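Asks: Here you go, structure29.txt (compact mmCIF, C-alpha atoms):
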# COMPACT_ATOMS: atom_id res chain seq x y z
CA MET A 509 -85.87 55.82 16.70
CA THR A 510 -83.80 52.75 17.47
CA THR A 511 -84.05 49.69 15.26
CA LEU A 512 -86.01 47.88 17.98
CA GLU A 513 -88.47 50.76 18.31
CA LEU A 514 -88.98 50.78 14.56
CA GLN A 515 -89.54 47.01 14.54
CA LYS A 516 -92.17 47.32 17.26
CA MET A 517 -93.92 50.11 15.39
CA ALA A 518 -93.93 48.05 12.18
CA VAL A 519 -95.86 45.36 14.05
CA GLU A 520 -98.44 47.96 15.06
CA VAL A 521 -98.65 49.17 11.46
CA ARG A 522 -99.28 45.58 10.35
CA LYS A 523 -102.05 45.22 12.92
CA GLY A 524 -103.62 48.35 11.51
CA ILE A 525 -103.48 46.92 8.00
CA LEU A 526 -105.22 43.73 9.03
CA THR A 527 -107.83 45.62 11.05
CA ALA A 528 -108.62 48.01 8.20
CA VAL A 529 -108.95 45.38 5.48
CA HIS A 530 -110.98 43.06 7.69
CA ALA A 531 -113.38 45.88 8.60
CA ALA A 532 -113.74 46.89 4.93
CA LYS A 533 -114.20 43.29 3.80
CA SER A 534 -112.04 44.28 0.83
CA GLY A 535 -108.67 45.83 0.07
CA HIS A 536 -105.06 44.88 -0.57
CA PRO A 537 -103.26 43.33 2.41
CA GLY A 538 -100.41 41.49 0.65
CA GLY A 539 -98.51 44.47 -0.76
CA SER A 540 -99.38 46.61 2.26
CA LEU A 541 -97.73 44.07 4.55
CA SER A 542 -94.62 43.72 2.36
CA ALA A 543 -94.19 47.51 2.51
CA ALA A 544 -95.06 47.95 6.20
CA ASP A 545 -91.42 48.27 7.21
CA VAL A 546 -90.59 50.94 4.65
CA PHE A 547 -93.77 52.87 5.51
CA THR A 548 -92.66 52.75 9.15
CA TYR A 549 -89.09 53.79 8.41
CA LEU A 550 -90.14 56.69 6.20
CA TYR A 551 -92.70 58.14 8.59
CA PHE A 552 -90.98 57.50 11.90
CA GLU A 553 -87.33 58.04 10.98
CA GLU A 554 -86.52 59.27 7.49
CA MET A 555 -88.80 62.07 6.43
CA ASN A 556 -88.97 65.68 7.63
CA ILE A 557 -92.67 65.86 8.54
CA ASP A 558 -94.92 67.20 11.29
CA PRO A 559 -98.38 65.65 11.79
CA ALA A 560 -99.48 68.81 13.63
CA HIS A 561 -98.67 70.82 10.49
CA PRO A 562 -99.21 68.40 7.59
CA ASP A 563 -98.99 71.16 4.97
CA LYS A 564 -95.80 72.86 6.17
CA PRO A 565 -93.97 74.09 3.06
CA ASP A 566 -90.59 72.51 3.82
CA ARG A 567 -91.92 69.03 4.56
CA ASP A 568 -90.62 66.05 2.64
CA ARG A 569 -93.17 64.64 0.20
CA PHE A 570 -94.31 61.04 -0.28
CA VAL A 571 -96.28 59.64 -3.20
CA LEU A 572 -97.72 56.13 -2.98
CA SER A 573 -97.45 55.22 -6.65
CA LYS A 574 -98.83 51.73 -5.95
CA GLY A 575 -101.95 53.34 -4.53
CA HIS A 576 -103.85 50.10 -3.91
CA THR A 577 -101.64 49.48 -0.86
CA ALA A 578 -103.36 52.38 0.87
CA PRO A 579 -104.11 50.25 3.99
CA GLY A 580 -100.38 50.20 4.81
CA TYR A 581 -100.04 53.91 4.06
CA TYR A 582 -103.05 54.81 6.21
CA SER A 583 -101.85 52.67 9.09
CA ALA A 584 -98.47 54.42 9.12
CA LEU A 585 -100.14 57.84 8.95
CA ALA A 586 -102.53 56.98 11.76
CA HIS A 587 -99.84 55.66 14.08
CA ARG A 588 -97.72 58.73 13.29
CA GLY A 589 -100.56 60.93 14.50
CA TYR A 590 -102.19 62.33 11.36
CA PHE A 591 -105.59 60.97 12.41
CA PRO A 592 -106.90 58.53 15.07
CA VAL A 593 -105.85 54.89 14.78
CA GLY A 594 -109.47 53.92 15.40
CA GLU A 595 -110.38 55.49 12.08
CA LEU A 596 -108.61 52.66 10.24
CA SER A 597 -111.72 50.52 10.74
CA THR A 598 -113.63 52.90 8.43
CA LEU A 599 -111.53 51.95 5.39
CA ARG A 600 -113.60 52.00 2.17
CA HIS A 601 -116.81 52.88 4.05
CA VAL A 602 -119.19 55.48 2.65
CA GLY A 603 -118.25 58.89 4.05
CA SER A 604 -114.86 57.75 5.33
CA ARG A 605 -111.71 59.81 4.82
CA LEU A 606 -109.93 56.54 4.04
CA GLN A 607 -110.97 55.40 0.60
CA GLY A 608 -109.56 52.47 -1.34
CA HIS A 609 -106.87 54.64 -2.93
CA PRO A 610 -105.22 57.75 -1.42
CA CYS A 611 -107.06 61.05 -1.88
CA MET A 612 -105.20 64.26 -1.05
CA GLN A 613 -108.45 66.20 -0.67
CA ASP A 614 -109.75 63.96 2.13
CA THR A 615 -106.93 62.31 4.04
CA PRO A 616 -104.56 64.25 6.32
CA GLY A 617 -100.92 63.68 5.39
CA VAL A 618 -101.55 62.50 1.82
CA ASP A 619 -99.50 64.61 -0.61
CA MET A 620 -100.89 63.18 -3.86
CA SER A 621 -103.95 61.21 -4.96
CA SER A 622 -102.85 58.00 -6.62
CA GLY A 623 -103.98 54.62 -7.80
CA SER A 624 -103.59 54.57 -11.59
CA LEU A 625 -100.37 52.61 -11.79
CA GLY A 626 -97.41 54.43 -13.30
CA GLN A 627 -98.75 57.90 -12.62
CA GLY A 628 -97.54 58.38 -9.05
CA ILE A 629 -93.86 58.42 -9.97
CA SER A 630 -94.59 61.11 -12.56
CA ALA A 631 -96.19 63.28 -9.88
CA ALA A 632 -93.20 62.69 -7.60
CA VAL A 633 -90.80 63.70 -10.37
CA GLY A 634 -92.79 66.90 -10.85
CA MET A 635 -92.57 67.66 -7.13
CA ALA A 636 -88.82 67.09 -7.14
CA LEU A 637 -88.38 69.36 -10.16
CA SER A 638 -90.49 72.04 -8.48
CA ALA A 639 -88.22 71.98 -5.44
CA LYS A 640 -85.17 72.41 -7.65
CA LEU A 641 -86.71 75.31 -9.55
CA SER A 642 -87.80 77.04 -6.34
CA GLY A 643 -84.58 76.41 -4.44
CA ASP A 644 -86.41 74.40 -1.78
CA SER A 645 -84.64 71.75 0.27
CA TYR A 646 -87.36 69.13 0.67
CA ARG A 647 -86.92 65.59 -0.61
CA VAL A 648 -89.48 63.51 -2.49
CA TYR A 649 -90.05 59.79 -1.97
CA THR A 650 -92.25 57.50 -4.04
CA LEU A 651 -93.06 53.80 -3.60
CA LEU A 652 -93.73 51.59 -6.63
CA GLY A 653 -94.72 47.96 -6.94
CA ASP A 654 -92.58 45.69 -9.08
CA GLY A 655 -95.56 44.80 -11.25
CA GLU A 656 -96.12 48.51 -11.73
CA LEU A 657 -92.80 48.68 -13.57
CA GLU A 658 -94.61 47.14 -16.53
CA GLU A 659 -96.22 50.57 -17.08
CA GLY A 660 -94.37 52.57 -19.72
CA GLN A 661 -95.03 55.84 -17.91
CA VAL A 662 -92.67 54.70 -15.14
CA TRP A 663 -89.77 54.80 -17.58
CA GLU A 664 -90.79 58.11 -19.16
CA ALA A 665 -90.73 59.66 -15.69
CA SER A 666 -87.42 57.97 -14.88
CA MET A 667 -85.84 59.25 -18.09
CA PHE A 668 -86.90 62.79 -17.20
CA ALA A 669 -85.66 62.47 -13.58
CA GLY A 670 -82.26 61.16 -14.65
CA ASP A 671 -81.85 63.77 -17.36
CA HIS A 672 -82.65 66.58 -14.90
CA LYS A 673 -80.34 65.12 -12.21
CA LEU A 674 -83.07 65.19 -9.55
CA ASP A 675 -80.94 64.12 -6.59
CA ASN A 676 -83.78 65.11 -4.23
CA LEU A 677 -85.85 62.20 -5.60
CA CYS A 678 -85.83 58.71 -4.10
CA VAL A 679 -87.73 56.00 -5.98
CA ILE A 680 -88.42 52.86 -3.94
CA VAL A 681 -89.45 49.58 -5.56
CA ASP A 682 -91.25 46.99 -3.41
CA ASN A 683 -89.87 43.91 -5.13
CA ASN A 684 -91.99 41.13 -3.60
CA ASN A 685 -92.07 39.34 -7.00
CA LEU A 686 -95.88 38.94 -7.04
CA GLN A 687 -98.57 40.95 -8.78
CA ILE A 688 -102.31 40.37 -9.07
CA ASP A 689 -101.98 37.70 -11.81
CA GLY A 690 -99.00 35.84 -10.36
CA PRO A 691 -95.19 36.04 -10.27
CA ILE A 692 -93.92 39.05 -12.19
CA THR A 693 -91.55 36.79 -14.11
CA GLU A 694 -94.55 34.95 -15.57
CA VAL A 695 -96.64 38.03 -16.36
CA CYS A 696 -94.15 40.46 -17.93
CA SER A 697 -90.75 40.38 -16.31
CA PRO A 698 -89.20 43.77 -15.48
CA TYR A 699 -85.86 42.21 -14.59
CA PRO A 700 -83.08 43.32 -14.37
CA ILE A 701 -84.67 46.19 -12.46
CA ASP A 702 -81.43 47.67 -11.17
CA ARG A 703 -79.78 47.83 -14.59
CA LYS A 704 -82.84 49.47 -16.10
CA PHE A 705 -82.74 52.32 -13.56
CA GLU A 706 -79.00 52.64 -14.03
CA ALA A 707 -79.61 53.06 -17.76
CA PHE A 708 -81.85 56.03 -16.92
CA ASN A 709 -79.02 57.67 -14.92
CA PHE A 710 -80.12 56.65 -11.43
CA HIS A 711 -77.91 55.73 -8.53
CA VAL A 712 -79.19 52.27 -7.62
CA ILE A 713 -79.17 50.65 -4.18
CA ASN A 714 -80.10 46.97 -3.96
CA VAL A 715 -81.50 45.96 -0.56
CA ALA A 716 -81.36 42.21 0.02
CA ASP A 717 -84.07 42.31 2.71
CA GLY A 718 -86.45 45.25 2.53
CA ASN A 719 -88.19 44.01 5.66
CA ASP A 720 -85.02 44.61 7.70
CA MET A 721 -84.79 48.00 9.42
CA ASP A 722 -81.00 48.14 9.55
CA GLN A 723 -80.74 47.50 5.81
CA LEU A 724 -83.36 50.19 5.15
CA ARG A 725 -81.48 52.63 7.37
CA ALA A 726 -78.25 52.09 5.42
CA ALA A 727 -80.03 52.44 2.07
CA PHE A 728 -81.76 55.72 2.90
CA LYS A 729 -78.54 57.15 4.34
CA GLU A 730 -76.77 56.35 1.07
CA ALA A 731 -79.64 57.89 -0.91
CA ARG A 732 -79.45 61.16 1.05
CA GLU A 733 -75.71 61.34 0.46
CA THR A 734 -76.01 60.79 -3.31
CA LYS A 735 -75.58 64.00 -5.31
CA GLY A 736 -76.11 64.78 -8.97
CA MET A 737 -78.54 61.98 -9.78
CA PRO A 738 -81.80 60.47 -8.45
CA THR A 739 -81.72 57.29 -6.40
CA ALA A 740 -83.65 54.04 -6.88
CA ILE A 741 -83.84 51.68 -3.90
CA ILE A 742 -84.76 48.18 -5.07
CA MET A 743 -85.81 46.23 -2.00
CA LYS A 744 -86.53 42.51 -1.91
CA THR A 745 -89.55 41.89 0.31
CA VAL A 746 -92.04 39.18 1.22
CA LYS A 747 -95.61 39.72 0.11
CA GLY A 748 -97.91 39.35 3.12
CA LYS A 749 -94.94 39.65 5.51
CA GLY A 750 -95.84 39.01 9.15
CA VAL A 751 -99.01 36.97 8.62
CA SER A 752 -98.03 33.35 7.99
CA TYR A 753 -100.87 32.27 5.71
CA MET A 754 -100.48 35.38 3.54
CA GLU A 755 -96.72 35.23 3.02
CA ASN A 756 -95.73 34.70 -0.62
CA GLN A 757 -99.33 33.87 -1.54
CA VAL A 758 -100.53 35.76 -4.61
CA GLY A 759 -104.16 35.16 -3.64
CA TRP A 760 -103.78 37.70 -0.83
CA HIS A 761 -102.96 40.51 -3.25
CA GLY A 762 -106.48 41.87 -3.04
CA LYS A 763 -108.86 40.13 -0.64
CA ALA A 764 -109.82 40.50 3.01
CA PRO A 765 -109.44 37.91 5.77
CA ASN A 766 -112.57 36.41 7.28
CA ASP A 767 -113.14 36.53 11.04
CA GLU A 768 -111.16 33.37 11.74
CA GLN A 769 -108.26 34.42 9.53
CA TYR A 770 -108.27 37.90 11.08
CA ALA A 771 -108.07 36.43 14.58
CA GLN A 772 -105.18 34.18 13.57
CA GLY A 773 -103.27 37.00 11.94
CA MET A 774 -103.73 39.34 14.88
CA GLU A 775 -102.61 36.59 17.27
CA GLU A 776 -99.44 36.08 15.23
CA LEU A 777 -98.71 39.80 15.22
CA GLU A 778 -99.36 40.03 18.96
CA LYS A 779 -96.82 37.28 19.55
CA ALA A 780 -94.32 39.01 17.26
CA GLY A 781 -94.71 42.20 19.27
CA GLU A 782 -94.33 40.36 22.56
CA ALA A 783 -91.14 38.70 21.30
CA LEU A 784 -89.69 42.10 20.43
CA CYS A 785 -90.53 43.37 23.91
CA GLN A 786 -88.34 40.62 25.36
CA LYS A 787 -85.25 41.94 23.54
Before anything else, please render the file you have as structure tokens.

Replies:
Amino acid sequence: MTTLELQKMAVEVRKGILTAVHAAKSGHPGGSLSAADVFTYLYFEEMNIDPAHPDKPDRDRFVLSKGHTAPGYYSALAHRGYFPVGELSTLRHVGSRLQGHPCMQDTPGVDMSSGSLGQGISAAVGMALSAKLSGDSYRVYTLLGDGELEEGQVWEASMFAGDHKLDNLCVIVDNNNLQIDGPITEVCSPYPIDRKFEAFNFHVINVADGNDMDQLRAAFKEARETKGMPTAIIMKTVKGKGVSYMENQVGWHGKAPNDEQYAQGMEELEKAGEALCQK
């Protein structure tokens, strides 16, 4: 896809996030919106996948380590064709395939159940090791929150990945600088993130704007070309990106918009989409 096509799709993914969380009257919009662009890039450009055959053996794998941002994940999956977009409005409802955290038994396209922070990256490392042992060519991608880096298990998994030279593994950190209790620097600072991953034998790519498709394209190209070591992409993003009253507001980590707020957010996203159509 072209950069413009990806940008337009990211707007649709953001609409899906807002729709899902509003319908559920609960959920996590802030981190879903900050990661909407990387969800879009992964599922519409980067990964070797086929929604018609979600279990094909040679598919690339994705693990949402920060599982609470499932609304963004589900929206990307729906728009990619894994299930109907209309199903997003069933988020967190009884009997829905779209629960508050990803479940591989229920949701088409989900490669690993996740939600307990720190554990998703470990599962991704195991998948990458399995590919190496079996001589398979698929790549494994996992998305972590920056607050999640406070979990010790993240660094145990990273040590193992670096030691085993898992160059088919790409760890992505959504560095929006906010977690549920406030700025990460005030809770338990993980900085310098890049130097920490380098110390665990990762090739590190710093992305100045992780909400920019061209910068994401360059980063993932560099990751694919890196041999002999895993890659960590540290991307600076804006929590709540695309919805003005949510941007950089920690209070939108885990609450749903009311009807008026939903209407405002959807109007802003509609206008953003219309502006892209004029390009």

Asks: Write out as number ranges by chain the residues lying within 7 Å of segment 644-649 of chain A, counting only C-alpha atoms and excluding same-chain residues fewer than 4 positions away.

Replies: A: 566-571, 632, 635-636, 639-640, 676-679

Asks: Between A:Gly628, A:Pro562, A:Leu641, A:Tyr699, which residue has the minimum interatomic distance to Glu658 of chain A, considering all atoms listed in the file?

Replies: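 Comparing A:Gly628, A:Pro562, A:Leu641, A:Tyr699 against Glu658 of chain A, the winner is A:Tyr699.
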
Asks: Between segment 721-758 of chain A and segment 510-522 of chain A, at 10 Å or less, what are the per-residue closest atom pairs and their distances in Å? Count all atoms listed in the file, order by chain and rising residue number, and return it as JSON lines.

Replies:
{"residue": "A:Met721", "atom": "CA", "partner": "A:Thr511", "partner_atom": "CA", "distance": 6.1}
{"residue": "A:Asp722", "atom": "CA", "partner": "A:Thr511", "partner_atom": "CA", "distance": 6.7}
{"residue": "A:Arg725", "atom": "CA", "partner": "A:Thr511", "partner_atom": "CA", "distance": 8.8}
{"residue": "A:Gly748", "atom": "CA", "partner": "A:Arg522", "partner_atom": "CA", "distance": 9.6}
{"residue": "A:Lys749", "atom": "CA", "partner": "A:Arg522", "partner_atom": "CA", "distance": 8.8}
{"residue": "A:Gly750", "atom": "CA", "partner": "A:Arg522", "partner_atom": "CA", "distance": 7.5}
{"residue": "A:Val751", "atom": "CA", "partner": "A:Arg522", "partner_atom": "CA", "distance": 8.8}

Asks: Quick one: distance from atom CA of Ile680 of chain A to atom CA of Pro537 of chain A in Å, one decimal?

Replies: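 Distance between the two atoms: 18.7 Å.
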
Asks: Find the residue from A:Ala726, A:Gly538, A:Asp654, A:Arg605 that sits nearest to Pro700 of chain A; use all atoms listed in the file when measuring.

Replies: A:Asp654

Asks: Please list as a list in words every residue within 6 Å of Asp675 of chain A, counting all atoms listed in the file and excluding residues in the same chain fewer than 5 positions away.

Replies: Lys735, Gly736, Met737 and Pro738 of chain A
